[in-house]
$ cat work23.txt   # compact mmCIF, C-alpha atoms and all ligand atoms
# COMPACT_ATOMS: atom_id res chain seq x y z
CA MET A 18 0.00 0.00 0.00
CA ASP A 19 1.61 3.34 -0.89
CA ASP A 20 -0.39 5.84 1.17
CA GLY A 21 -2.67 3.69 3.29
CA THR A 22 -5.50 3.83 0.73
CA TRP A 23 -4.23 2.14 -2.42
CA TRP A 24 -3.33 -1.51 -2.77
CA THR A 25 -1.16 -3.19 -5.36
CA VAL A 26 -2.46 -6.39 -6.88
CA GLY A 27 0.01 -8.37 -4.75
CA GLU A 28 -1.03 -6.66 -1.52
CA LEU A 29 -4.69 -7.23 -2.24
CA ALA A 30 -4.02 -10.87 -3.10
CA HIS A 31 -2.25 -11.37 0.25
CA ALA A 32 -4.95 -9.62 2.23
CA SER A 33 -7.98 -11.18 0.52
CA GLY A 34 -6.67 -14.69 -0.16
CA VAL A 35 -7.64 -14.27 -3.86
CA SER A 36 -4.59 -15.05 -6.00
CA VAL A 37 -2.90 -12.47 -8.22
CA ARG A 38 -3.79 -14.61 -11.23
CA VAL A 39 -7.49 -14.53 -10.32
CA LEU A 40 -7.41 -10.76 -9.67
CA ARG A 41 -5.85 -10.19 -13.11
CA HIS A 42 -8.45 -12.45 -14.71
CA TRP A 43 -11.29 -10.65 -12.92
CA ASP A 44 -9.84 -7.34 -14.11
CA ALA A 45 -9.85 -8.61 -17.71
CA LEU A 46 -13.51 -9.67 -17.38
CA GLY A 47 -14.59 -6.41 -15.73
CA VAL A 48 -15.52 -8.05 -12.42
CA VAL A 49 -13.16 -5.80 -10.46
CA SER A 50 -11.17 -3.41 -12.66
CA PRO A 51 -8.72 -1.28 -10.70
CA GLU A 52 -7.13 1.97 -11.77
CA ARG A 53 -3.68 2.02 -13.32
CA THR A 54 -0.67 3.98 -12.14
CA PRO A 55 1.13 6.13 -14.75
CA SER A 56 3.55 3.21 -15.20
CA GLY A 57 0.63 0.87 -15.94
CA HIS A 58 0.48 -1.06 -12.63
CA ARG A 59 -2.88 -1.96 -11.12
CA ARG A 60 -3.88 -0.07 -7.99
CA TYR A 61 -6.99 -0.80 -5.96
CA GLY A 62 -8.83 1.73 -3.81
CA PRO A 63 -11.49 1.16 -1.11
CA ALA A 64 -14.33 1.02 -3.69
CA HIS A 65 -12.50 -1.75 -5.59
CA VAL A 66 -11.96 -3.71 -2.38
CA THR A 67 -15.67 -3.40 -1.51
CA ARG A 68 -16.58 -4.55 -5.01
CA LEU A 69 -14.17 -7.49 -4.68
CA TYR A 70 -15.95 -8.70 -1.55
CA ARG A 71 -19.38 -8.27 -3.16
CA ALA A 72 -18.11 -10.23 -6.17
CA LEU A 73 -16.83 -13.00 -3.86
CA ALA A 74 -20.25 -13.15 -2.20
CA LEU A 75 -22.02 -13.50 -5.58
CA ARG A 76 -19.49 -16.11 -6.72
CA ARG A 77 -20.32 -18.16 -3.63
CA THR A 78 -23.83 -18.62 -5.03
CA GLY A 79 -22.18 -20.29 -8.01
CA LEU A 80 -22.89 -17.53 -10.57
CA GLY A 81 -20.49 -17.17 -13.52
CA LEU A 82 -18.00 -14.31 -13.63
CA ARG A 83 -19.75 -12.45 -16.45
CA GLN A 84 -23.07 -12.69 -14.59
CA VAL A 85 -21.38 -11.37 -11.45
CA ALA A 86 -19.90 -8.43 -13.38
CA ALA A 87 -23.27 -7.60 -14.97
CA LEU A 88 -25.08 -7.77 -11.62
CA LEU A 89 -22.49 -5.56 -9.94
CA ASP A 90 -22.68 -3.05 -12.78
CA ARG A 91 -26.50 -3.18 -12.64
CA GLU A 92 -26.35 -3.82 -16.38
CA ASP A 93 -28.35 -7.02 -16.20
CA PRO A 94 -31.78 -6.07 -17.66
CA ASP A 95 -33.52 -8.96 -15.88
CA PRO A 96 -31.70 -10.18 -12.74
CA ALA A 97 -34.64 -12.50 -11.92
CA ALA A 98 -34.20 -14.31 -15.24
CA THR A 99 -30.47 -14.66 -14.57
CA LEU A 100 -31.18 -16.18 -11.18
CA ARG A 101 -33.84 -18.51 -12.65
CA ALA A 102 -31.30 -19.74 -15.22
CA HIS A 103 -28.83 -20.21 -12.40
CA LEU A 104 -31.44 -22.19 -10.48
CA ASP A 105 -31.77 -24.50 -13.51
CA ASP A 106 -28.00 -25.07 -13.41
CA VAL A 107 -28.13 -25.79 -9.69
CA GLU A 108 -30.93 -28.28 -10.24
CA GLU A 109 -28.95 -30.03 -12.96
CA ASP A 110 -26.02 -30.15 -10.55
CA LEU A 111 -28.28 -31.71 -7.92
CA ARG A 112 -29.41 -34.38 -10.38
CA ARG A 113 -25.78 -35.13 -11.19
CA ARG A 114 -24.99 -35.45 -7.51
CA SER A 115 -28.00 -37.64 -6.93
CA ARG A 116 -26.65 -40.02 -9.59
CA LEU A 117 -23.27 -39.91 -7.87
CA ARG A 118 -24.96 -40.74 -4.60
CA ASP A 119 -26.68 -43.75 -6.14
CA ARG A 120 -23.34 -44.96 -7.46
CA LEU A 121 -21.79 -44.58 -4.01
CA VAL A 122 -24.61 -46.47 -2.32
CA ALA A 123 -24.25 -49.22 -4.91
CA ALA A 124 -20.45 -49.30 -4.49
CA LEU A 125 -20.69 -49.54 -0.72
CA GLY A 126 -23.25 -52.30 -1.05
CA SER A 127 -20.88 -54.39 -3.14
CA ALA A 128 -17.81 -56.20 -1.86
CA GLY A 129 -15.70 -55.57 -4.97
CA PRO A 130 -12.39 -53.90 -4.07
CA ASP A 131 -12.35 -51.87 -7.32
CA GLN A 132 -15.63 -50.15 -6.55
CA LEU A 133 -14.64 -49.54 -2.95
CA MET A 134 -11.49 -47.78 -4.17
CA LYS A 135 -13.72 -45.35 -6.07
CA VAL A 136 -15.58 -44.64 -2.86
CA ILE A 137 -12.34 -43.97 -1.06
CA GLU A 138 -11.27 -41.52 -3.77
CA THR A 139 -14.46 -39.57 -3.22
CA MET A 140 -13.94 -39.58 0.53
CA THR A 141 -10.52 -37.92 0.19
CA MET A 142 -12.41 -34.71 -0.53
CA PHE A 143 -12.71 -34.24 3.20
CA GLU A 144 -10.12 -36.60 4.63
CA GLN A 145 -7.45 -34.16 5.72
CA TYR A 146 -9.23 -31.03 6.80
CA VAL A 147 -12.97 -30.90 6.72
CA HIS A 148 -13.35 -27.15 6.15
CA GLY A 149 -10.79 -27.16 3.32
CA TYR A 150 -8.51 -24.36 2.25
CA ARG A 151 -10.75 -22.63 -0.33
CA PRO A 152 -10.94 -18.81 -0.55
CA GLU A 153 -14.53 -19.04 0.73
CA GLU A 154 -13.23 -20.71 3.87
CA SER A 155 -10.68 -17.92 4.39
CA THR A 156 -13.47 -15.35 4.07
CA ARG A 157 -15.58 -17.34 6.54
CA LEU A 158 -12.74 -17.50 9.07
CA ALA A 159 -12.23 -13.73 8.74
CA ASP A 160 -15.97 -13.06 9.21
CA GLN A 161 -15.94 -15.39 12.20
CA ALA A 162 -13.01 -13.62 13.81
CA GLY A 163 -14.53 -10.17 13.22
CA ALA A 164 -17.86 -11.08 14.78
CA LEU A 165 -16.44 -12.85 17.78
CA VAL A 166 -13.38 -10.85 18.57
CA GLU A 167 -14.55 -9.30 21.85
CA LEU A 168 -16.34 -12.39 23.09
CA LEU A 169 -13.32 -14.63 22.51
CA HIS A 170 -10.32 -12.34 22.96
CA GLY A 171 -11.55 -9.49 25.16
CA ASP A 172 -9.77 -10.93 28.22
CA THR A 173 -6.60 -12.16 26.51
CA ARG A 174 -3.51 -9.97 27.05
CA PHE A 175 0.18 -10.90 27.10
CA GLN A 176 3.00 -8.93 28.72
CA PRO A 177 5.47 -6.73 26.86
CA GLY A 178 8.56 -8.69 25.84
CA GLU A 179 6.90 -12.13 26.16
CA ARG A 180 7.19 -14.68 23.35
CA VAL A 181 3.87 -16.32 22.42
CA LEU A 182 3.27 -19.22 20.03
CA GLU A 183 -0.01 -19.22 18.09
CA MET A 184 -0.23 -22.76 16.72
CA GLY A 185 -2.59 -23.43 13.78
CA CYS A 186 -2.93 -19.75 12.91
CA GLY A 187 -4.53 -20.51 9.51
CA VAL A 188 -5.12 -17.38 7.46
CA GLY A 189 -4.45 -15.21 10.52
CA ALA A 190 -8.08 -14.55 11.39
CA GLN A 191 -7.28 -14.50 15.13
CA THR A 192 -3.70 -13.26 14.76
CA THR A 193 -4.54 -9.60 14.22
CA ALA A 194 -6.86 -9.57 17.25
CA LEU A 195 -4.16 -11.14 19.41
CA ALA A 196 -1.24 -9.06 18.18
CA SER A 197 -3.08 -5.74 18.26
CA ARG A 198 -4.21 -6.34 21.87
CA SER A 199 -0.65 -7.07 23.03
CA PRO A 200 1.39 -4.79 20.77
CA HIS A 201 4.66 -5.23 22.69
CA THR A 202 4.49 -9.04 22.78
CA HIS A 203 6.31 -11.06 20.11
CA PHE A 204 4.04 -13.61 18.41
CA VAL A 205 5.23 -16.62 16.45
CA SER A 206 2.26 -17.83 14.41
CA ALA A 207 2.63 -21.32 12.93
CA ASP A 208 0.63 -23.61 10.66
CA ILE A 209 1.21 -26.57 8.37
CA ALA A 210 -0.49 -24.89 5.40
CA THR A 211 1.92 -22.73 3.40
CA ASP A 212 -0.75 -20.84 1.46
CA SER A 213 -2.65 -19.99 4.63
CA LEU A 214 0.56 -18.60 6.13
CA LYS A 215 1.02 -16.34 3.11
CA SER A 216 -2.51 -14.96 3.50
CA ALA A 217 -1.97 -14.55 7.25
CA SER A 218 1.21 -12.62 6.67
CA GLY A 219 -0.56 -10.29 4.19
CA ARG A 220 -3.42 -9.74 6.61
CA VAL A 221 -1.10 -8.84 9.48
CA ALA A 222 0.95 -6.51 7.29
CA ALA A 223 -2.22 -4.82 6.04
CA ALA A 224 -3.21 -4.20 9.67
CA GLY A 225 0.16 -2.45 10.21
CA LEU A 226 1.31 -4.98 12.83
CA THR A 227 5.03 -5.73 13.11
CA ASN A 228 5.09 -8.01 16.18
CA VAL A 229 4.26 -11.29 14.39
CA GLU A 230 6.54 -13.77 12.66
CA PHE A 231 5.09 -16.64 10.59
CA VAL A 232 6.60 -20.12 10.46
CA GLU A 233 5.55 -23.37 8.81
CA LYS A 234 5.36 -26.10 11.48
CA ASP A 235 3.44 -29.28 12.25
CA VAL A 236 2.45 -29.41 15.91
CA PHE A 237 3.19 -33.14 15.95
CA ALA A 238 6.85 -32.49 15.03
CA LEU A 239 7.49 -30.27 18.09
CA PRO A 240 9.38 -29.52 20.25
CA GLU A 241 12.61 -29.49 18.25
CA PRO A 242 15.95 -30.40 19.87
CA GLU A 243 17.22 -26.81 19.72
CA GLY A 244 16.43 -23.33 18.37
CA GLY A 245 13.23 -21.26 18.57
CA PHE A 246 10.98 -24.31 18.97
CA ALA A 247 12.97 -26.11 21.68
CA GLU A 248 11.60 -27.16 25.09
CA ALA A 249 10.41 -24.19 27.20
CA SER A 250 11.20 -21.67 24.45
CA PHE A 251 7.85 -19.80 24.71
CA ASP A 252 6.18 -17.94 27.57
CA HIS A 253 2.68 -18.92 26.41
CA VAL A 254 0.83 -20.77 23.67
CA PHE A 255 -2.49 -19.98 22.07
CA VAL A 256 -4.62 -22.28 19.91
CA CYS A 257 -8.00 -21.54 18.39
CA PHE A 258 -10.12 -24.02 16.39
CA LEU A 259 -7.11 -26.31 16.00
CA LEU A 260 -7.75 -29.25 18.37
CA GLU A 261 -11.11 -29.97 16.72
CA HIS A 262 -9.20 -31.04 13.57
CA LEU A 263 -6.49 -33.14 15.17
CA PRO A 264 -6.58 -36.93 15.43
CA ALA A 265 -4.59 -36.86 18.71
CA PRO A 266 -5.44 -33.66 20.63
CA VAL A 267 -3.88 -34.87 23.91
CA ASP A 268 -0.57 -35.59 22.17
CA ALA A 269 -0.68 -32.07 20.66
CA LEU A 270 -1.44 -30.53 24.07
CA ARG A 271 1.46 -32.44 25.66
CA ARG A 272 3.84 -31.20 22.95
CA LEU A 273 2.59 -27.63 23.40
CA ARG A 274 3.12 -27.94 27.17
CA ARG A 275 6.77 -28.88 26.63
CA LEU A 276 7.21 -25.77 24.45
CA VAL A 277 6.11 -23.47 27.30
CA ARG A 278 8.35 -22.44 30.20
CA PRO A 279 7.30 -23.64 33.70
CA GLY A 280 4.63 -21.24 34.94
CA GLY A 281 3.66 -20.27 31.38
CA THR A 282 0.12 -20.72 30.05
CA ILE A 283 -1.92 -22.17 27.26
CA THR A 284 -5.10 -20.53 25.98
CA VAL A 285 -7.41 -22.81 23.99
CA ILE A 286 -10.58 -21.78 22.18
CA GLU A 287 -12.85 -24.38 20.56
CA GLY A 288 -16.46 -24.59 19.44
CA ASP A 289 -18.98 -27.37 20.04
CA HIS A 290 -21.62 -27.96 17.39
CA GLY A 291 -23.78 -29.78 19.91
CA SER A 292 -24.33 -26.37 21.50
CA ALA A 293 -26.13 -24.99 18.43
CA TYR A 294 -29.86 -24.54 18.88
CA PHE A 295 -32.20 -22.20 17.15
CA HIS A 296 -35.69 -20.97 16.45
CA PRO A 297 -37.51 -21.92 14.33
CA ASP A 298 -36.19 -25.39 15.12
CA ASP A 299 -35.86 -27.55 12.02
CA GLU A 300 -35.10 -31.23 11.52
CA ALA A 301 -33.30 -30.71 8.19
CA ALA A 302 -31.13 -27.99 9.74
CA ARG A 303 -30.14 -30.34 12.55
CA ALA A 304 -29.43 -33.08 9.98
CA ALA A 305 -27.15 -30.73 8.00
CA VAL A 306 -25.24 -29.79 11.17
CA ALA A 307 -24.94 -33.49 12.04
CA CYS A 308 -23.30 -34.09 8.62
CA GLN A 309 -20.54 -31.68 9.55
CA VAL A 310 -20.01 -33.47 12.87
CA THR A 311 -19.89 -36.88 11.15
CA LEU A 312 -17.52 -35.74 8.38
CA GLN A 313 -15.20 -34.15 10.89
CA ARG A 314 -15.18 -37.40 12.85
CA HIS A 315 -14.40 -39.36 9.64
CA ALA A 316 -11.49 -36.95 9.09
CA GLY A 317 -10.15 -37.77 12.55
CA GLY A 318 -11.41 -34.62 14.31
CA ASP A 319 -14.18 -33.76 16.76
CA ALA A 320 -16.68 -30.97 16.14
CA LEU A 321 -18.00 -31.48 19.70
CA ILE A 322 -14.62 -30.92 21.33
CA GLY A 323 -15.49 -27.74 23.26
CA ARG A 324 -17.10 -29.70 26.08
CA ARG A 325 -13.93 -31.85 26.41
CA LEU A 326 -11.39 -29.07 27.03
CA PHE A 327 -11.03 -29.68 30.76
CA PRO A 328 -10.47 -33.46 30.55
CA LEU A 329 -8.15 -33.11 27.54
CA LEU A 330 -5.96 -30.49 29.23
CA HIS A 331 -5.92 -32.53 32.42
CA GLU A 332 -4.85 -35.65 30.56
CA ALA A 333 -2.06 -33.66 28.90
CA ASP A 334 -0.81 -32.67 32.38
CA TRP A 335 -1.66 -28.95 32.32
CA SER A 336 -2.53 -27.51 35.73
CA ASP A 337 -4.83 -24.81 37.17
CA ILE A 338 -7.25 -25.33 34.31
CA ALA A 339 -10.10 -22.82 34.03
CA VAL A 340 -12.72 -23.26 31.30
CA SER A 341 -15.33 -20.63 30.51
CA PRO A 342 -18.22 -21.10 28.08
CA ARG A 343 -18.78 -18.12 25.75
CA THR A 344 -22.25 -18.08 24.26
CA VAL A 345 -23.15 -16.21 21.12
CA TYR A 346 -26.83 -15.35 21.36
CA VAL A 347 -28.45 -13.76 18.30
CA ASP A 348 -31.98 -12.47 17.96
CA GLY A 349 -33.83 -9.87 15.90
CA SER A 350 -32.36 -7.03 17.95
CA ARG A 351 -28.87 -7.90 16.57
CA PRO A 352 -29.22 -7.93 12.76
CA GLU A 353 -25.49 -7.41 12.22
CA LEU A 354 -24.57 -10.42 14.35
CA ALA A 355 -27.29 -12.43 12.60
CA GLU A 356 -25.57 -11.65 9.31
CA SER A 357 -21.96 -12.02 10.44
CA PHE A 358 -22.33 -14.99 12.77
CA THR A 359 -25.53 -16.96 12.01
CA ARG A 360 -25.27 -16.59 8.24
CA ARG A 361 -21.70 -15.87 7.26
CA THR A 362 -20.02 -17.93 9.97
CA PHE A 363 -22.09 -20.87 11.13
CA THR A 364 -24.36 -21.44 8.13
CA ALA A 365 -21.46 -20.82 5.71
CA MET A 366 -19.40 -23.45 7.53
CA ILE A 367 -22.18 -26.04 7.38
CA SER A 368 -22.99 -25.32 3.74
CA GLY A 369 -19.27 -25.84 2.97
CA VAL A 370 -19.65 -29.59 3.58
CA ARG A 371 -22.59 -30.04 1.20
CA GLU A 372 -20.66 -31.89 -1.48
CA PRO A 373 -18.77 -34.40 0.67
CA ALA A 374 -21.89 -34.96 2.81
CA VAL A 375 -24.03 -35.75 -0.23
CA ALA A 376 -21.25 -37.74 -1.91
CA ALA A 377 -20.77 -39.79 1.26
CA GLY A 378 -24.50 -40.56 1.33
CA LEU A 379 -25.00 -38.94 4.74
CA ILE A 380 -27.92 -36.88 3.47
CA ASP A 381 -29.76 -36.20 0.22
CA ALA A 382 -29.13 -32.90 -1.51
CA ARG A 383 -32.71 -31.69 -1.12
CA THR A 384 -32.70 -32.22 2.65
CA PHE A 385 -29.30 -30.61 3.01
CA ASP A 386 -30.38 -27.53 1.03
CA ALA A 387 -33.60 -27.32 3.06
CA GLY A 388 -31.46 -27.46 6.22
CA ILE A 389 -29.27 -24.62 5.01
CA ALA A 390 -32.34 -22.56 4.11
CA ALA A 391 -33.74 -23.23 7.61
CA LEU A 392 -30.47 -22.15 9.25
CA ARG A 393 -30.50 -18.94 7.21
CA ARG A 394 -34.13 -18.47 8.24
CA THR A 395 -33.08 -18.32 11.91
CA ALA A 396 -31.28 -15.05 11.10
CA GLU A 397 -34.58 -13.37 10.14
CA PRO A 398 -35.93 -10.72 12.57
CA ASP A 399 -38.16 -13.28 14.33
CA GLY A 400 -35.46 -15.98 14.48
CA VAL A 401 -33.01 -16.86 17.27
CA PHE A 402 -29.64 -18.60 17.14
CA CYS A 403 -27.41 -19.78 19.99
CA TYR A 404 -23.92 -21.27 19.95
CA THR A 405 -21.36 -21.80 22.70
CA PHE A 406 -17.59 -21.60 22.37
CA PHE A 407 -15.33 -22.82 25.17
CA LYS A 408 -12.21 -20.96 26.23
CA ALA A 409 -9.67 -22.56 28.56
CA VAL A 410 -6.58 -21.17 30.24
CA ALA A 411 -4.15 -23.57 31.96
CA HIS A 412 -0.60 -23.46 33.31
CA ARG A 413 2.54 -25.52 32.96
CA ARG A 414 3.54 -26.60 36.45
CA THR A 415 6.62 -25.07 38.02
CA SER A 416 9.02 -27.55 39.62
CA ALA A 417 7.77 -26.36 43.05
CA GLN A 418 4.26 -27.57 42.15
CA GLY A 419 5.47 -31.16 41.80
CA ALA A 420 4.14 -33.78 39.47
CA VAL A 421 0.42 -33.45 40.16
CA GLY A 422 -1.23 -30.03 40.29
CA ALA A 423 -4.74 -29.95 38.84
CA ARG A 424 -6.82 -32.87 39.92
CA MET A 425 -9.98 -34.20 38.41
CA PRO A 426 -12.78 -33.73 40.93
CA ALA A 427 -13.26 -36.94 42.93
CA ARG A 428 -16.25 -39.02 41.85
CA LYS A 429 -18.95 -39.19 44.43
C1 LIG A 501 -10.04 -24.01 11.45
S1 LIG A 501 -8.41 -23.50 11.09
C2 LIG A 501 -8.23 -22.31 12.37
C3 LIG A 501 -7.30 -21.21 12.00
C4 LIG A 501 -7.19 -20.09 13.03
N1 LIG A 501 -6.68 -20.54 14.30
C5 LIG A 501 -8.54 -19.40 13.23
O1 LIG A 501 -9.08 -19.47 14.31
O2 LIG A 501 -9.04 -18.81 12.30
C6 LIG A 501 -7.38 -24.85 11.61
C7 LIG A 501 -5.93 -24.66 11.20
O3 LIG A 501 -5.14 -25.69 11.80
C8 LIG A 501 -4.13 -26.03 10.88
N2 LIG A 501 -3.58 -27.35 11.23
C9 LIG A 501 -4.18 -28.55 11.07
N3 LIG A 501 -3.37 -29.54 11.49
C10 LIG A 501 -2.22 -28.95 11.92
C11 LIG A 501 -0.99 -29.43 12.47
N4 LIG A 501 -0.78 -30.75 12.62
N5 LIG A 501 -0.05 -28.54 12.83
C12 LIG A 501 -0.25 -27.22 12.65
N6 LIG A 501 -1.38 -26.69 12.13
C13 LIG A 501 -2.36 -27.55 11.76
C14 LIG A 501 -4.83 -26.00 9.54
O4 LIG A 501 -3.89 -25.89 8.47
C15 LIG A 501 -5.71 -24.78 9.69
O5 LIG A 501 -5.07 -23.63 9.22

$ encode --input "work23.txt" --output "structure tokens" --more "lines below"
Ligand SMILES: C[S@@+](CC[C@H](N)C(=O)[O-])C[C@H]1O[C@@H](n2cnc3c(N)ncnc32)[C@H](O)[C@@H]1O
Amino acid sequence: MDDGTWWTVGELAHASGVSVRVLRHWDALGVVSPERTPSGHRRYGPAHVTRLYRALALRRTGLGLRQVAALLDREDPDPAATLRAHLDDVEEDLRRRSRLRDRLVAALGSAGPDQLMKVIETMTMFEQYVHGYRPEESTRLADQAGALVELLHGDTRFQPGERVLEMGCGVGAQTTALASRSPHTHFVSADIATDSLKSASGRVAAAGLTNVEFVEKDVFALPEPEGGFAEASFDHVFVCFLLEHLPAPVDALRRLRRLVRPGGTITVIEGDHGSAYFHPDDEAARAAVACQVTLQRHAGGDALIGRRLFPLLHEADWSDIAVSPRTVYVDGSRPELAESFTRRTFTAMISGVREPAVAAGLIDARTFDAGIAALRRTAEPDGVFCYTFFKAVAHRRTSAQGAVGARMPARK
């Protein structure tokens, strides 16, 4: 950015998670056409950035780029006809998926190893990381962080000069909130996903923060024998929405404990999809949410992990564990939260698993879509939506505390 207002194509790509190639292509098609500097370089102003996010929103409905450009330019003479044509495409897509579903059911019903291999290939769509690494997911994580920042981070502060590890930082959705609240703390934000780290670094730079360093690391490869990731090399660790994706969360928590100096802390934030309830209640909506929980379990994670934070931390030998539930409550008096949390965070996350859920035969496409519509409906002025996150803070024992600090309450 040259004066705080204009962005180069590279800066915007970093900050938005949309690649330079895509931005150039969108420029060529008139979706988002920036100004040019005298030397011919693209430069984006606030209006272009706003248009980019509107274009991303329209793209999420599946519309083609030319349709998006025409709608944004208000040049489409009949937007309803465009949307009807789009609906036809969506219905054709549903029919195609229904055929795929039938094939999967048939394959699973047969014992032939060849057919089962086909099933396994389909399942790899969600094997590693159920939310995926698509640009839509980056936008969702950013929306999520924006809406929840006070609720989740309001009471998190680190001391000047301390060194804090943020493990599983993703696209940096929480990083800016953390680093701006503790501006004299040094943050090391790590993730296994290289592309996410690039986006995170762009986001932090765009926020003008200089107290964060990004590093590619796998939590299961730590601590390292020496260097910046050796035993006791951090004052504190912070993880948010990481444990829910890990096959061995206790192992990860033990490794993180070894990275922290005695007396240092861990802060963990996780959701729990079992805590989602809403009005109007809807069976299809609950079925769609259950698909996400099942897929995450198939991928080795746990979408209901929030309720397990205390026992997990205890098992990993953290002490003085304090867990506090943080409930997001949304009704008609909070239309902005209904949009940012109910629709753009929770419903967007559930709708992101539509394809693997349908392909895996967990649900039929019609029911899933009805469930998504019902979830969106809860964000209407007469709807209500509730969801609880769990935040835990725990300490690494000092040698004076001995081997056993926190104890599980005795069973009566
Ligand atoms: C749901 S994202 C959360 C990102 C960020 N903490 C936030 O709240 O927006 C989970 C992140 O964990 C990362 N992750 C998954 N397994 C990991 C591992 N073994 N080591 C480090 N990061 C991992 C993923 O790449 C992803 O970026």

$ residues_near_point --input "work23.txt" --point "(-23.8, -33.0, 21.4)" --cutoff "12 Å" --atoms "all atoms listed in the file" --output "list of chain:residue names"
A:Gly288, A:Asp289, A:His290, A:Gly291, A:Ser292, A:Ala293, A:Tyr294, A:Arg303, A:Val306, A:Ala307, A:Val310, A:Thr311, A:Asp319, A:Ala320, A:Leu321, A:Ile322, A:Gly323, A:Arg324, A:Arg325, A:Tyr404, A:Thr405

$ residues_near_point --input "work23.txt" --point "(-10.2, -10.0, -9.1)" --cutoff "12 Å" --atoms "only C-alpha atoms" --output "ChimeraX atom specification"
/A:25-27,29-30,33-51,59-61,65-73,76,82,85-86

$ write_last_selection --input "work23.txt" --atoms "C-alpha atoms" --output "mmCIF file, in the frame of the given file"
data_model
loop_
_atom_site.group_PDB
_atom_site.id
_atom_site.type_symbol
_atom_site.label_atom_id
_atom_site.label_comp_id
_atom_site.auth_asym_id
_atom_site.auth_seq_id
_atom_site.Cartn_x
_atom_site.Cartn_y
_atom_site.Cartn_z
ATOM 1 C CA THR A 25 -1.160 -3.190 -5.360
ATOM 2 C CA VAL A 26 -2.460 -6.390 -6.880
ATOM 3 C CA GLY A 27 0.010 -8.370 -4.750
ATOM 4 C CA LEU A 29 -4.690 -7.230 -2.240
ATOM 5 C CA ALA A 30 -4.020 -10.870 -3.100
ATOM 6 C CA SER A 33 -7.980 -11.180 0.520
ATOM 7 C CA GLY A 34 -6.670 -14.690 -0.160
ATOM 8 C CA VAL A 35 -7.640 -14.270 -3.860
ATOM 9 C CA SER A 36 -4.590 -15.050 -6.000
ATOM 10 C CA VAL A 37 -2.900 -12.470 -8.220
ATOM 11 C CA ARG A 38 -3.790 -14.610 -11.230
ATOM 12 C CA VAL A 39 -7.490 -14.530 -10.320
ATOM 13 C CA LEU A 40 -7.410 -10.760 -9.670
ATOM 14 C CA ARG A 41 -5.850 -10.190 -13.110
ATOM 15 C CA HIS A 42 -8.450 -12.450 -14.710
ATOM 16 C CA TRP A 43 -11.290 -10.650 -12.920
ATOM 17 C CA ASP A 44 -9.840 -7.340 -14.110
ATOM 18 C CA ALA A 45 -9.850 -8.610 -17.710
ATOM 19 C CA LEU A 46 -13.510 -9.670 -17.380
ATOM 20 C CA GLY A 47 -14.590 -6.410 -15.730
ATOM 21 C CA VAL A 48 -15.520 -8.050 -12.420
ATOM 22 C CA VAL A 49 -13.160 -5.800 -10.460
ATOM 23 C CA SER A 50 -11.170 -3.410 -12.660
ATOM 24 C CA PRO A 51 -8.720 -1.280 -10.700
ATOM 25 C CA ARG A 59 -2.880 -1.960 -11.120
ATOM 26 C CA ARG A 60 -3.880 -0.070 -7.990
ATOM 27 C CA TYR A 61 -6.990 -0.800 -5.960
ATOM 28 C CA HIS A 65 -12.500 -1.750 -5.590
ATOM 29 C CA VAL A 66 -11.960 -3.710 -2.380
ATOM 30 C CA THR A 67 -15.670 -3.400 -1.510
ATOM 31 C CA ARG A 68 -16.580 -4.550 -5.010
ATOM 32 C CA LEU A 69 -14.170 -7.490 -4.680
ATOM 33 C CA TYR A 70 -15.950 -8.700 -1.550
ATOM 34 C CA ARG A 71 -19.380 -8.270 -3.160
ATOM 35 C CA ALA A 72 -18.110 -10.230 -6.170
ATOM 36 C CA LEU A 73 -16.830 -13.000 -3.860
ATOM 37 C CA ARG A 76 -19.490 -16.110 -6.720
ATOM 38 C CA LEU A 82 -18.000 -14.310 -13.630
ATOM 39 C CA VAL A 85 -21.380 -11.370 -11.450
ATOM 40 C CA ALA A 86 -19.900 -8.430 -13.380
#

$ closest_residue --input "work23.txt" --among "A:Gln84, A:Thr54, A:Ser213, A:Thr99" --to "ligand LIG 501 (chain A)" --atoms "all atoms listed in the file"
A:Ser213

$ closest_residue --input "work23.txt" --among "A:Pro96, A:Gly187, A:Gly349, A:Pro63" --to "Arg220 in chain A" --atoms "only C-alpha atoms"
A:Gly187

$ closest_residue --input "work23.txt" --among "A:Tyr346, A:Thr192, A:Gly225, A:Asp235" --to "Ala210 in chain A" --atoms "only C-alpha atoms"
A:Asp235

$ axis_aligned_box --input "work23.txt" --around "ligand LIG 501 (chain A)" --padding-each-side "4 Å" --output "lines of an AutoDock Vina configuration file"
center_x = -5.0
center_y = -24.8
center_z = 11.4
size_x = 18.0
size_y = 19.9
size_z = 13.8

$ atom_distance --input "work23.txt" --atom1 "CA of Pro373 in chain A" --atom2 "CA of Ala74 in chain A"
21.5 Å

$ atom_distance --input "work23.txt" --atom1 "CA of Glu353 in chain A" --atom2 "CA of Leu100 in chain A"
25.6 Å

$ atom_distance --input "work23.txt" --atom1 "CA of Leu354 in chain A" --atom2 "CA of Thr78 in chain A"
21.1 Å
